[in-house]
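Asks: Sharing a structure, written as structure tokens. Questions coming.
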Amino acid sequence: MLGEGILKGLAETAKNFAGSFVSKERLTTVEYPEDRIPTFEAARVFPFLVYDARNPGDENDWEAGLRCVACQICEKECPPKCIFIDKSKDKKPDALGKQQFYPTRFDIDVSVCMSCQICVEVCPFEAIKMDNEFELSTTDRFGGLLHDRRQLAKSNEYYHKIHPTEAAEVDARLAEEKAKADAKARAAADAAAKAAAAAKPAGGGE
Amino acid sequence: MFEWLDQVFVLLKHWLVSFLPATWQPVAGILLCVLTIICLFPALFAICVLLERKGLGRMQNRLGPNRVGPFGIFQPIADGVKSLTKEDLVPLSADALVHFMAPVVLVVVVFMGFAVLPMGRNMVLVDLDAGLLFYFAIGASTELAVFMAGWSSRNKYSLLGAMRAVAQMISYEVPLLLSSVAVVMITGSLSLSKIVEAQNHYTWGLPHWYIFTPWGFAGFLMFAIAATAETNRSPFDLPEGESELVAGYFTEYSGFKFALFFLGEYVGMLSISGLGSTLFLGGWSSPLEALNWVPSWIWFFSKLLLSIAVFIWMRGTLPRLRQDQLMNFAWKFVLPMTLLNLFVAGLWRFLGDGWERWVVCSAILIVAYILMGRVGMYREHFGPRRYRYAE
Ligand code: SF4
Ligand code: SF4
């Protein structure tokens, strides 16, 4: 009959109306600034630069420990081009003890970044990762939205805190690489020593 | 004591006016009443908007506004300040004068309707003998304001909204009038206070409201539908359909003029609810004889707020109609039903006082409703649609 559907609909909304006062499940609203829900582990908002804490307590620990080698791959790959990197002239030893360049400037524009995570995917040095901090608003719309490398640098411990699974994988991979590099270095050293040892008696025999 | 409470506003007016010389008294009395109406209904408007936002939120399992003041009760003040301080934009190509006049005309016209509504015992601004006629004459002018707004903005969304509004309002004006005519036929008067008086009797403690008769019930339903359409409320909110036309006829309005349109819409709702309760729900009379001691104006305003609650409930429930469905519904269902209702009202009048008239009148209306619902509203393309090109 005409109007039946309307009555059914009215009953439904009335149920919602009354239900929202009594049942907590119905009212799914989280009143944000006061109440929060924990962010998901996979949540990603904005990239940050990972640094390895080498000597905790040091003011400039973050700068020394930055994994970034200023290869500028992420700058080139970033779709909206919001990463700005200046490469250093000199080199510094990285975690593996190898001499590497480092970024003298590393800025990302929050207002342009679209949280695509492409910079993270392309970085060959596990140096840039996604943060889940989302309260990035500022009252200064010019300088305030451009995060420099000090603001972007966050420790590996922090990375472990927000993305435990992923960080463990990354650490495992890095450890493996380091082990391989160490083994190679040792092998090279052994070979060099052997060569030297072999060369000596031969030389002595002559 | 209770009589005094009932008449408190009337007595207050007389007391205030008595300070003036006798020649000034009638004018001052009228001015005082007008002032009261002009202050009271915007205040009710603020309450309604808040209730609507909260209520709709609850229907959608949200909280609604709850930030300004405890439970968000100061939200209307915040909204008011916002709309007052916003920039007032007038499009370059708009007809500035008409663009400016439209909201003013709307608000003035809407407020004039209250002149004839009895809001309590002896509480009517002007007790016109043809009050109902006056109300409809004034009510029809809101279309003018709406069209002025849409036309002067020189914007295709505004114009489309205005054309929809005019088509819709004129179509629904007819059933609105015809459903009220049944009341006039039974009461034998166009005066709204006489209509209330006629319903202010009790049998076994129950009131003789017109809604409790078969023709009155049908008439009330038709009136409610037409009134919803007349005030552009959901599900008949095509003229301002925000998902299609930005905001319809007031797309080009901002700041305080926008607020005036908003006010006009809600005050219009209050006014038409007032008319509906006067015609069918016994106006200011109490729902039970035992409750007669409660002041009459309390009843009137509770009925008003109750109607607003139903408006909000409807809005929370129904999706918007399509233009052709809207027109079909007006001309093929509501109009024939109101015409039939006129006939039934006549029958009711001449069938005497026995139980027969209840049976006969109810039977005619129910059968007509079912038949018309089946036949008149039946269309093959109602229901799930099949697209030929998709097969
Ligand atoms: S997340 Fe995407 S947009 Fe943001 S800096 Fe990285 S590559 Fe650029
Ligand atoms: S973050 Fe990674 S990809 Fe970007 S410059 Fe540094 S090392 Fe290269």
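Within each chain, counting starts at residue 1; across the structure tokens, chains are named A, B, ... in the order shown, with ligands numbered 1 upward in that order.
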Residues of chain A no more than 9 Å from chain B, counting only C-alpha atoms: send them over as a ChimeraX atom specification.

Replies: /A:1-3,6,9-10,12-21,26-29

Asks: Contacts of Asp237 in chain B at 9 Å or less, counting only C-alpha atoms, minus same-chain residues fewer than 4 places along, as a list in words?

Replies: Ala165, Thr228, Ala229, Thr231, Asn232, Arg233, Gly241, Glu242, Arg320 and Leu321 of chain B

Asks: Please save all heavy atoms of the selected residues as a short mmCIF file (atom, residue, chain, number, x, y, z; two decimals), in the first residue's frame.

Replies:
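Generated output (out-v1.cif):
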data_model
loop_
_atom_site.label_atom_id
_atom_site.label_comp_id
_atom_site.auth_asym_id
_atom_site.auth_seq_id
_atom_site.Cartn_x
_atom_site.Cartn_y
_atom_site.Cartn_z
N ALA B 165 10.97 25.84 -7.77
CA ALA B 165 10.22 26.28 -6.60
C ALA B 165 8.84 26.77 -7.01
O ALA B 165 7.83 26.41 -6.39
CB ALA B 165 10.98 27.39 -5.89
N THR B 228 4.52 20.61 3.56
CA THR B 228 5.93 20.27 3.43
C THR B 228 6.46 20.76 2.09
O THR B 228 7.56 21.32 2.00
CB THR B 228 6.12 18.76 3.53
OG1 THR B 228 5.30 18.28 4.57
CG2 THR B 228 7.54 18.40 3.82
N ALA B 229 5.66 20.53 1.05
CA ALA B 229 6.10 20.97 -0.27
C ALA B 229 6.13 22.49 -0.35
O ALA B 229 7.03 23.07 -0.95
CB ALA B 229 5.15 20.42 -1.34
N THR B 231 6.78 24.61 1.96
CA THR B 231 7.92 25.21 2.66
C THR B 231 9.25 24.67 2.14
O THR B 231 10.28 24.91 2.74
CB THR B 231 7.84 24.90 4.16
OG1 THR B 231 7.55 23.52 4.33
CG2 THR B 231 6.76 25.70 4.83
N ASN B 232 9.21 23.93 1.03
CA ASN B 232 10.43 23.40 0.41
C ASN B 232 11.23 22.53 1.37
O ASN B 232 12.45 22.59 1.42
CB ASN B 232 11.35 24.54 -0.05
CG ASN B 232 10.71 25.37 -1.09
OD1 ASN B 232 9.84 24.88 -1.81
ND2 ASN B 232 11.10 26.61 -1.19
N ARG B 233 10.54 21.75 2.14
CA ARG B 233 11.25 20.88 3.06
C ARG B 233 11.46 19.53 2.42
O ARG B 233 10.71 19.12 1.56
CB ARG B 233 10.43 20.70 4.34
CG ARG B 233 10.47 21.89 5.21
CD ARG B 233 11.80 22.04 5.86
NE ARG B 233 12.07 20.94 6.75
CZ ARG B 233 13.11 20.90 7.56
NH1 ARG B 233 13.96 21.87 7.58
NH2 ARG B 233 13.30 19.87 8.34
N GLY B 241 17.81 21.81 -3.62
CA GLY B 241 18.58 20.57 -3.62
C GLY B 241 20.09 20.80 -3.69
O GLY B 241 20.66 21.00 -4.75
N GLU B 242 20.74 20.72 -2.53
CA GLU B 242 22.14 21.11 -2.51
C GLU B 242 23.04 20.18 -3.30
O GLU B 242 24.10 20.58 -3.72
CB GLU B 242 22.66 21.30 -1.08
CG GLU B 242 22.38 20.19 -0.08
CD GLU B 242 20.98 20.29 0.49
OE1 GLU B 242 20.73 21.07 1.42
OE2 GLU B 242 20.12 19.57 -0.05
N ARG B 320 15.17 12.79 -1.48
CA ARG B 320 14.51 13.81 -2.30
C ARG B 320 13.78 13.20 -3.49
O ARG B 320 14.24 12.23 -4.08
CB ARG B 320 15.56 14.79 -2.79
CG ARG B 320 15.00 15.96 -3.53
CD ARG B 320 16.12 16.89 -3.93
NE ARG B 320 16.92 17.25 -2.78
CZ ARG B 320 18.24 17.29 -2.79
NH1 ARG B 320 18.90 16.98 -3.87
NH2 ARG B 320 18.89 17.64 -1.72
N LEU B 321 12.62 13.73 -3.82
CA LEU B 321 11.87 13.26 -4.98
C LEU B 321 12.47 13.84 -6.27
O LEU B 321 13.19 14.81 -6.23
CB LEU B 321 10.41 13.71 -4.88
CG LEU B 321 9.42 12.67 -4.39
CD1 LEU B 321 9.72 12.31 -2.96
CD2 LEU B 321 8.01 13.21 -4.49
#

Asks: Would you mind listing the residues within 6 Å of ligand 1, counting only C-alpha atoms and all ligand atoms, as number ranges by chain?

Replies: A: 47, 78-80, 82-83, 113-119

Asks: Could you tell me how far CA of Trp293 in chain B lies from CA of Ala198 in chain B, in Å and to one decimal?

Replies: 18.8 Å

Asks: Could you give me the residues within 12 Å of ligand 2, counting only C-alpha atoms and all ligand atoms, as number ranges by chain?

Replies: A: 47-51, 66-78, 82-88, 94, 100-108, 117-130, 149, 152-153

Asks: Can you measure CA of Ala192 in chain A to CA of Gly97 in chain A for me? One decimal in Å is fine.

Replies: 19.2 Å

Asks: Would you mind listing what lies within 8 Å of Leu206 in chain B as a JSON list (two decimals) with N, CA, C and O atoms, in the first residue's frame, with only C-alpha atoms counted and same-chain residues fewer than 5 positions away left out?

Replies:
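Listing of around17.json after writing:
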[["chain", "number", "residue", "atom", "x", "y", "z"],
["B", 287, "PRO", "N", -5.47, 18.91, 24.66],
["B", 287, "PRO", "CA", -5.83, 17.60, 24.12],
["B", 287, "PRO", "C", -6.75, 16.79, 25.04],
["B", 287, "PRO", "O", -7.32, 15.79, 24.59],
["B", 288, "LEU", "N", -6.87, 17.16, 26.29],
["B", 288, "LEU", "CA", -7.77, 16.45, 27.21],
["B", 288, "LEU", "C", -8.51, 17.49, 28.03],
["B", 288, "LEU", "O", -7.94, 18.53, 28.40],
["B", 289, "GLU", "N", -9.75, 17.20, 28.33],
["B", 289, "GLU", "CA", -10.51, 18.20, 29.08],
["B", 289, "GLU", "C", -9.87, 18.44, 30.45],
["B", 289, "GLU", "O", -9.86, 19.55, 30.97]]

Asks: What separation in Å, quoted to one decimal, exists between CA of Val334 in chain B and CA of Ile211 in chain B?

Replies: 17.3 Å

Asks: Name the residues of range 78-187 of chain A that fall into strand (DSSP E) according to DSSP on the backbone, using the chain letters and numbers of this document, as JSON, numbers by chain.

Replies: {"A": [83, 84, 85, 86, 87, 92, 93, 99, 100, 103, 104, 105, 106, 107, 108, 109, 128, 129, 130, 131, 146, 147, 153, 154, 155]}

Asks: Which residues come within 9 Å of Val104 in chain B, counting only C-alpha atoms, excluding same-chain residues fewer than 5 positions away, as number ranges by chain?

Replies: B: 109, 145, 257, 260-261

Asks: Keeping N, CA, C and O atoms, export the residues of the selection given above as a tab-separated table (two decimals), in the first residue's frame.

Replies:
chain	number	residue	atom	x	y	z
B	109	VAL	N	6.75	38.81	4.27
B	109	VAL	CA	5.55	38.08	3.91
B	109	VAL	C	5.30	36.93	4.88
B	109	VAL	O	4.18	36.69	5.33
B	145	ALA	N	8.87	36.07	-3.78
B	145	ALA	CA	10.20	36.33	-3.22
B	145	ALA	C	11.20	35.32	-3.75
B	145	ALA	O	12.31	35.68	-4.15
B	257	LYS	N	21.98	38.15	4.20
B	257	LYS	CA	20.85	37.87	3.31
B	257	LYS	C	20.57	36.37	3.26
B	257	LYS	O	19.42	35.94	3.24
B	260	LEU	N	18.73	35.55	6.23
B	260	LEU	CA	17.32	35.93	6.12
B	260	LEU	C	16.53	34.85	5.38
B	260	LEU	O	15.40	34.53	5.76
B	261	PHE	N	17.12	34.30	4.33
B	261	PHE	CA	16.42	33.22	3.63
B	261	PHE	C	16.19	32.03	4.54
B	261	PHE	O	15.13	31.41	4.54

Asks: Give the answer as one residue: which of A:Glu34, A:Asp61, A:Asp131, A:Asp52 has the shortest atom-to-atom distance to Asp171 in chain A, using only C-alpha atoms?

Replies: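 Ranking A:Glu34, A:Asp61, A:Asp131, A:Asp52 by distance to Asp171 in chain A, first place goes to A:Asp52.
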